[in-house]
Each structure stands twice: as structure tokens, then as C-alpha cells.
Amino acid sequence: MSLPAPEEPVRPRMSTLRAMLVLGMLEAFGPLSMDLYLPQLPQLATSLGTTEALAQVTMSACMIGLGLGQLVAGPLSDRLGRRLPLMVGVAAFAVLSLVCAVAPNIELLLISRFLQGLAGSAGIVICLAIARDQFEGAELSRMLSLLFLVSGTAPIIAPVVGGQLALIMDWRGIFGVLSAVGVVLLLVVVFALPETLPPSRRHGAGPVALRSHAAAVVRDRLFVAVLCAAAGGGVAFFTYLSMSSFVLQDQFGLSPQAFSLAFAAGALASIVGSQTSRLVVRRWGPLRVYLGGITATLLATVLLLVLTSTDAGVSGVIGALIGFMLCSGLGGPNGQTLALAHHGARAGTASALLGMATFLFGPVLAPLAAGLGGTNALTMAVTMTIAAAVAAVAAWVFVRPAAEPR
């Protein structure tokens with residue numbers, strides 16, 4: 001008489017509120033790493049005796065680290081569970097933030113920012129995998145929208161706080177604050193985050209296993225289509241992120257405090273967009289909301305291009321940028337939902353590839369555009385429009401037929 005097979009342990013299920021708060025805080029790694037010192041980018045360039053272009057590259061270095069690090073942290077979380085890689089990444093982020101604070105020159109700062117991004121990538125990719133562990137379909141889209149409600153406050157608070165901190169400390173002090181944030185997030189992981197991937201659902205480690213999992217993900221036409229659109233969207237967003245402080249402060253004469261308020265308004269608009277998505281996705285479905293958001297994002301960048309080409313003034317430029325962020329927030333959670341739809345067992349690997357596309361191309365192409373056309377409003381608008389057009393074409397030509405039921 002054979003013994004009954006052991007039952008698979010039930011995955012711990014966090015409440016919606018707990019998941020929203022804990023995962024939202026972890027997803028804030030990217031915005032915090034960028035936006036807290038964004039108002040002080042011009043001052044950083046002066047302090048280290050370097051150029052505006054190299055000051056922007058400190059952001060690129062971190063973003064590239066955020067992209068590449070996900071290729072390690074995501075698959076590791078599929079093998080080792082979610083908590084251990086997450087704790088290591090958050091702890092390393094806190095230490096490397098201190099290294100950034102004491103960097104004596106631009107070269108060491110660039111290296112430290114890259115490593116800081118590698119460490120911080122764990123928070124971004126693993127929190128998305130945890131969400132996929134526990135939710136799917138329209139519910140996953142709604143949860144991702146709720147996560148954005150929390151993580152989206154970071155781009156609102158960070159530049160405002162950064163602008164105020166600029167009154168009492170330099171950019172080095174800002175990195176000290178980032179280190180303290182890393183310590184707080186480590187405590188959150190240790191005491192408030194359960195393991196959501198039981199041993200029975202984990203996969204092998206090593207290059208062979210990684211290639212196998214990645215191959216299974218990229219064979220999914222829908223995933224690859226969303227990946228291409230995400231790459232275009234990432235370029236548009238990072239162009240806005242890296243150029244806006246120079247454009248609005250140097251070209252239009254805003255103070256660091258005024259710029260931080262304008263930037264915060266854009267982040268608030270992104271939250272409004274994500275919460276609009278949460279309210280309508282059950283009725284319209286992730287695909288239709290995604291296509292609507294990505295099309296509206298393109299229209300917002302076209303408006304920005306028209307306004308900058310006609311010298312419409314700072315109010316028009318800020319308004320168009322806010323519109324861009326509003327529409328990006330509408331489509332974003334649904335793109336992630338579509339990409340992860342078929343990859344519950346490989347959520348870490350799929351999230352890593354998706355994050356790499358979002359974080360890697362922008363930091364490479366945006367500085368290239370700035371080097372060719374200069375850091376000005378027109379270059380920013382042209383680059384954002386081209387990138388948003390690539391994303392929209394990929395969405396309509398590739399994502400739509402792959403996602404629609406046959």
C-alpha cells in the first residue's frame with residue numbers, strides 16, 4: 001500500500017494592504033536612487049569639477065546597474081527563494097550609498113553608483129516576482145497599481161525632500177540619507193516580508209539553468225512584444241529623468257526647490273494614472289488599458305515636441321511633462337501584467353528580463369542624445385517622442401495580436 005503524496009505547502013498570502021505597503025516600499029529603490037539627489041545634479045557637477053554630461057552619467061551608471069543586477073537577482077530568487085537575495089541586496093545598497101557619499105572624484109562616484117544600482121536591483125525585480133507569486137490576471141494588474149500608489153510617492157517626496165535638504169546639506173549628505181533608507185528597508189524585509197516561493201517551486205541555479213529559464217521566457221511571443229515596448233518606454237522615461245533638471249533649471253531658470261515641485265507634480269500625475277488603471281482594468285481588461293495608456297503617452301510627447309519647437313514657455317513644457325507621466329502611469333502596470341501572464345513559475349527570471357529592458361536602454365541612449373543635440377528642451381522632446389513612438393508601434397503591431405485570444 002503506497003503512502004499518499006505529501007501535500008505542497010500553502011504559500012503564505014499577505015493581505016492586500018500589507019503587500020501594497022511592503023512591496024511598494026521595496027519598489028521605491030529606483031526612484032529613491034535617482035530622485036533624491038536630482039535637484040543637486042548641477043551642484044554635483046560643480047563640486048567635482050566635471051561636466052553636466054558626466055553628472056548625468058552618474059544616473060546612467062546607477063540605472064545600468066539596476067538593469068543588469070536584475071539578471072542576477074531575479075533568477076537567484078527563483079532558486080533560493082525571495083527573502084535571502086532581497087536581504088543581501090538591500091544591505092549592500094545601504095553600504096554602497098555611504099561609499100558614494102565619500103567619493104573624492106567623479107570616477108569613483110561612477111563606479112560606486114553602478115554597484116549601488118546592482119544592489120538596489122534586488123528590491124525592484126524581487127518585489128515584482130513576489131507579487132506574481134500571489135496574484136494573477138486582473139488582480140495582479142490591480143495589485144501592481146496599488147504598489148505604484150506607494151512606490152509612486154517616492155518620486156513625489158524625494159525631489160521635494162531633496163530640494164529642501166539642499167538648503168542644509170550638499171549632495172554627499174543626500175547619499176548618507178539614502179544609506180539610512182537602505183537600513184530601514186532591510187528591517188522591513190527581515191520583519192515584515194514572508195517567503196512566498198516554497199522549495200517545491202524553486203528551480204536550479206547556474207548558467208545552464210538560467211539559459212533554460214530565459215529561453216522558456218523569450219519563446220513567449222507576448223513577453224517579447226511587451227519587452228520591446230518596455231525598452232522604448234524606458235528610453236522616454238530616462239530621458240525625462242536625466243534631462244529635466246538641467247532643462248528646467250538651467251534653460252528656464254527654475255530654482256532647485258521650484259524644480260522639485262514641478263517634478264513632484266509629474267510623479268503625482270503618474271500615481272493618478274496608475275490608480276485610474278486600477279479602477280477600470282476589471283471592466284476593460286489589461287490589454288485595452290495598456291494600449292490606451294501607451295497611445296496617450298505618445299500623444300503627450302508629441303505635444304511636448306510641438307511646445308518646445310514653438311518656444312511656448314516653461315508652463316507649457318511642465319504641463320506636457322505632467323501629461324506624459326499621467327499616461328505612463330496608466331499603461332505601466334498592465335504591461336507588466338501581460339508580460340508575466342504565462343510565467344508564474346519563472347516570475348523572477350521574467351521580471352529580470354523585463355526590468356533589464358526598462359532600465360538598460362535609457363541610460364545608454366539618453367546621454368548619447370544629449371551629447372549629440374545638447375541638454376536642452378528640444379533634444380529632450382525629440383528623444384522622448386521617438387522612444388514613445390517605438391513603444392506604441394511595438395504595442396499595437398506585436399503586443400496586441402499576441403495578447404488577443406484566438
# chains A, B, ... in the order shown; residues from 1 in each chain; ligands from 1
$ residues_around --residues "region 52-63 of chain A" --least-positions-apart "2" --cutoff "7 Å" --atoms "only C-alpha atoms" --output "MDAnalysis selection string"
chainID A and resid 34 41:42 44:45 50 65:67 110 113:114 116:117 242 359:360 363:364
$ residues_around --residues "Ala341 (chain A)" --least-positions-apart "4" --cutoff "8 Å" --atoms "only C-alpha atoms" --output "list in words"
Glu136, Gly137 and Thr337 of chain A
$ select_by_dssp --residues "region 90-229 of chain A" --states "alpha helix (DSSP H)" --output "MDAnalysis selection string"
chainID A and resid 90:101 106:134 137:151 153:165 171:192 207:218 221:229
$ residues_around --residues "Pro286 (chain A)" --least-positions-apart "5" --cutoff "12 Å" --atoms "only C-alpha atoms" --output "number ranges by chain"
A: 136-142, 144-145, 277-281, 291-293, 330-341, 399-400, 403-404
$ write_last_selection --atoms "N, CA, C and O atoms" --output "short mmCIF file (atom, residue, chain, number, x, y, z; two decimals), in the first residue's frame"
data_model
loop_
_atom_site.label_atom_id
_atom_site.label_comp_id
_atom_site.auth_asym_id
_atom_site.auth_seq_id
_atom_site.Cartn_x
_atom_site.Cartn_y
_atom_site.Cartn_z
N GLU A 136 -2.63 37.08 -9.99
CA GLU A 136 -2.56 36.87 -11.43
C GLU A 136 -3.72 37.58 -12.11
O GLU A 136 -4.70 37.99 -11.47
N GLY A 137 -3.60 37.75 -13.45
CA GLY A 137 -4.66 38.37 -14.24
C GLY A 137 -4.96 39.79 -13.82
O GLY A 137 -4.07 40.57 -13.49
N ALA A 138 -6.25 40.13 -13.84
CA ALA A 138 -6.68 41.48 -13.49
C ALA A 138 -6.32 41.82 -12.04
O ALA A 138 -6.01 42.97 -11.73
N GLU A 139 -6.32 40.80 -11.16
CA GLU A 139 -5.95 41.05 -9.77
C GLU A 139 -4.48 41.44 -9.65
O GLU A 139 -4.11 42.26 -8.81
N LEU A 140 -3.63 40.84 -10.48
CA LEU A 140 -2.23 41.24 -10.48
C LEU A 140 -2.08 42.67 -10.97
O LEU A 140 -1.32 43.46 -10.39
N SER A 141 -2.82 43.02 -12.01
CA SER A 141 -2.78 44.40 -12.51
C SER A 141 -3.23 45.38 -11.44
O SER A 141 -2.62 46.45 -11.25
N ARG A 142 -4.28 45.03 -10.71
CA ARG A 142 -4.76 45.91 -9.65
C ARG A 142 -3.73 46.03 -8.52
O ARG A 142 -3.51 47.11 -7.97
N LEU A 144 -0.44 45.66 -8.83
CA LEU A 144 0.67 46.47 -9.31
C LEU A 144 0.31 47.95 -9.30
O LEU A 144 1.16 48.81 -9.04
N SER A 145 -0.95 48.25 -9.58
CA SER A 145 -1.39 49.64 -9.49
C SER A 145 -1.37 50.14 -8.05
O SER A 145 -0.99 51.28 -7.78
N SER A 277 -5.99 53.21 -13.79
CA SER A 277 -5.88 51.86 -14.33
C SER A 277 -6.53 50.85 -13.40
O SER A 277 -7.25 49.94 -13.83
N ARG A 278 -6.25 50.97 -12.11
CA ARG A 278 -6.81 50.02 -11.13
C ARG A 278 -8.33 50.03 -11.14
O ARG A 278 -8.98 48.99 -10.99
N LEU A 279 -8.92 51.20 -11.37
CA LEU A 279 -10.37 51.33 -11.34
C LEU A 279 -11.04 50.77 -12.59
O LEU A 279 -12.17 50.30 -12.54
N VAL A 280 -10.35 50.83 -13.73
CA VAL A 280 -11.01 50.45 -14.99
C VAL A 280 -10.57 49.10 -15.53
O VAL A 280 -11.19 48.59 -16.46
N VAL A 281 -9.51 48.49 -14.96
CA VAL A 281 -8.96 47.30 -15.59
C VAL A 281 -9.91 46.11 -15.52
O VAL A 281 -9.92 45.26 -16.43
N LEU A 291 -2.97 49.47 -24.08
CA LEU A 291 -2.89 50.12 -25.39
C LEU A 291 -3.33 51.59 -25.31
O LEU A 291 -2.74 52.47 -25.94
N GLY A 292 -4.37 51.85 -24.52
CA GLY A 292 -4.81 53.23 -24.35
C GLY A 292 -3.75 54.09 -23.69
O GLY A 292 -3.48 55.22 -24.12
N GLY A 293 -3.10 53.55 -22.66
CA GLY A 293 -2.08 54.32 -21.95
C GLY A 293 -0.87 54.59 -22.81
O GLY A 293 -0.33 55.70 -22.81
N LEU A 330 -0.80 55.10 -16.48
CA LEU A 330 -1.99 54.35 -16.90
C LEU A 330 -1.61 53.03 -17.55
O LEU A 330 -2.22 51.99 -17.29
N GLY A 331 -0.59 53.03 -18.40
CA GLY A 331 -0.26 51.81 -19.13
C GLY A 331 0.68 50.88 -18.40
O GLY A 331 0.62 49.66 -18.59
N GLY A 332 1.58 51.41 -17.57
CA GLY A 332 2.65 50.62 -16.98
C GLY A 332 2.26 49.34 -16.28
O GLY A 332 2.77 48.25 -16.63
N PRO A 333 1.37 49.36 -15.28
CA PRO A 333 1.03 48.12 -14.56
C PRO A 333 0.46 47.04 -15.48
O PRO A 333 0.68 45.85 -15.25
N ASN A 334 -0.25 47.44 -16.51
CA ASN A 334 -0.88 46.46 -17.40
C ASN A 334 0.13 45.81 -18.32
O ASN A 334 0.00 44.65 -18.68
N GLY A 335 1.18 46.55 -18.71
CA GLY A 335 2.25 45.95 -19.49
C GLY A 335 2.95 44.86 -18.69
O GLY A 335 3.25 43.78 -19.21
N GLN A 336 3.22 45.12 -17.42
CA GLN A 336 3.85 44.11 -16.57
C GLN A 336 2.95 42.90 -16.40
O GLN A 336 3.41 41.76 -16.42
N THR A 337 1.66 43.13 -16.24
CA THR A 337 0.71 42.03 -16.10
C THR A 337 0.72 41.14 -17.33
O THR A 337 0.75 39.90 -17.23
N LEU A 338 0.69 41.74 -18.51
CA LEU A 338 0.70 40.97 -19.76
C LEU A 338 2.00 40.17 -19.90
O LEU A 338 1.99 39.01 -20.30
N ALA A 339 3.13 40.80 -19.55
CA ALA A 339 4.42 40.14 -19.71
C ALA A 339 4.56 38.93 -18.81
O ALA A 339 5.16 37.91 -19.18
N LEU A 340 4.01 39.00 -17.59
CA LEU A 340 4.18 37.92 -16.61
C LEU A 340 3.05 36.89 -16.65
O LEU A 340 3.07 35.93 -15.88
N ALA A 341 2.10 37.06 -17.54
CA ALA A 341 0.89 36.23 -17.53
C ALA A 341 1.19 34.74 -17.60
O ALA A 341 0.52 33.93 -16.96
N VAL A 399 2.28 43.47 -29.52
CA VAL A 399 1.62 43.07 -28.27
C VAL A 399 0.16 42.72 -28.51
O VAL A 399 -0.33 41.69 -28.02
N ARG A 400 -0.54 43.57 -29.24
CA ARG A 400 -1.98 43.36 -29.42
C ARG A 400 -2.30 41.99 -30.04
O ARG A 400 -3.12 41.24 -29.47
N ALA A 403 -1.58 39.11 -27.57
CA ALA A 403 -2.37 39.05 -26.34
C ALA A 403 -3.83 38.74 -26.59
O ALA A 403 -4.51 38.21 -25.70
N GLU A 404 -4.34 39.06 -27.78
CA GLU A 404 -5.76 38.83 -28.05
C GLU A 404 -6.04 37.34 -28.19
O GLU A 404 -5.27 36.61 -28.82
#
$ closest_residue --among "A:Gly373, A:Gly81, A:Gly266, A:Gly89" --to "Gly323 (chain A)" --atoms "only C-alpha atoms"
A:Gly266
$ residues_around --residues "Pro39 (chain A)" --least-positions-apart "6" --cutoff "9 Å" --atoms "only C-alpha atoms" --output "PyMOL selection string"
chain A and resi 159-160+162-163+166+245+249+255-257+259-260
$ residues_around --residues "Phe324 (chain A)" --least-positions-apart "3" --cutoff "10 Å" --atoms "only C-alpha atoms" --output "list of chain:residue names"
A:Ala236, A:Phe237, A:Tyr240, A:Gly266, A:Ala269, A:Ser270, A:Gly293, A:Ile294, A:Ala296, A:Thr297, A:Leu298, A:Leu299, A:Ala300, A:Thr301, A:Val302, A:Leu303, A:Leu304, A:Ile318, A:Gly319, A:Ala320, A:Leu321, A:Cys327, A:Ser328, A:Gly329, A:Met384, A:Ala388
$ closest_residue --among "A:Val99, A:Met25, A:Ala129, A:Leu241" --to "Tyr37 (chain A)" --atoms "only C-alpha atoms"
A:Leu241
$ closest_residue --among "A:Val189, A:Val88, A:Leu326, A:Ala377" --to "Leu305 (chain A)" --atoms "only C-alpha atoms"
A:Ala377
$ closest_residue --among "A:Ala103, A:Arg202, A:Leu96, A:Phe175" --to "Leu80 (chain A)" --atoms "only C-alpha atoms"
A:Arg202
$ atom_distance --atom1 "CA of Cys228 (chain A)" --atom2 "CA of Ala391 (chain A)"
7.0 Å
$ residues_around --residues "Gln251 (chain A)" --least-positions-apart "4" --cutoff "10 Å" --atoms "only C-alpha atoms" --output "CSV table (one decimal) with C-alpha atoms, in the first residue's frame"
chain,number,residue,atom,x,y,z
A,244,SER,CA,14.6,67.6,-16.9
A,245,SER,CA,16.6,69.1,-14.0
A,246,PHE,CA,19.1,70.8,-16.4
A,247,VAL,CA,16.3,71.9,-18.8
A,314,VAL,CA,8.1,76.8,-19.1
A,375,THR,CA,21.0,69.2,-22.9
A,376,ASN,CA,18.0,71.3,-23.9
A,377,ALA,CA,14.3,71.2,-24.2
$ closest_residue --among "A:Pro367, A:Gly69, A:Pro104, A:Pro199" --to "Ser47 (chain A)" --atoms "only C-alpha atoms"
A:Pro104
$ residues_around --residues "Ala214 (chain A)" --least-positions-apart "6" --cutoff "10 Å" --atoms "only C-alpha atoms" --output "ChimeraX atom specification"
/A:71,75,208,346,349-350,352-353
$ closest_residue --among "A:Thr358, A:Ala262, A:Leu23, A:Asp35" --to "Val235 (chain A)" --atoms "only C-alpha atoms"
A:Thr358
$ atom_distance --atom1 "CA of Gly123 (chain A)" --atom2 "CA of Gly74 (chain A)"
9.8 Å
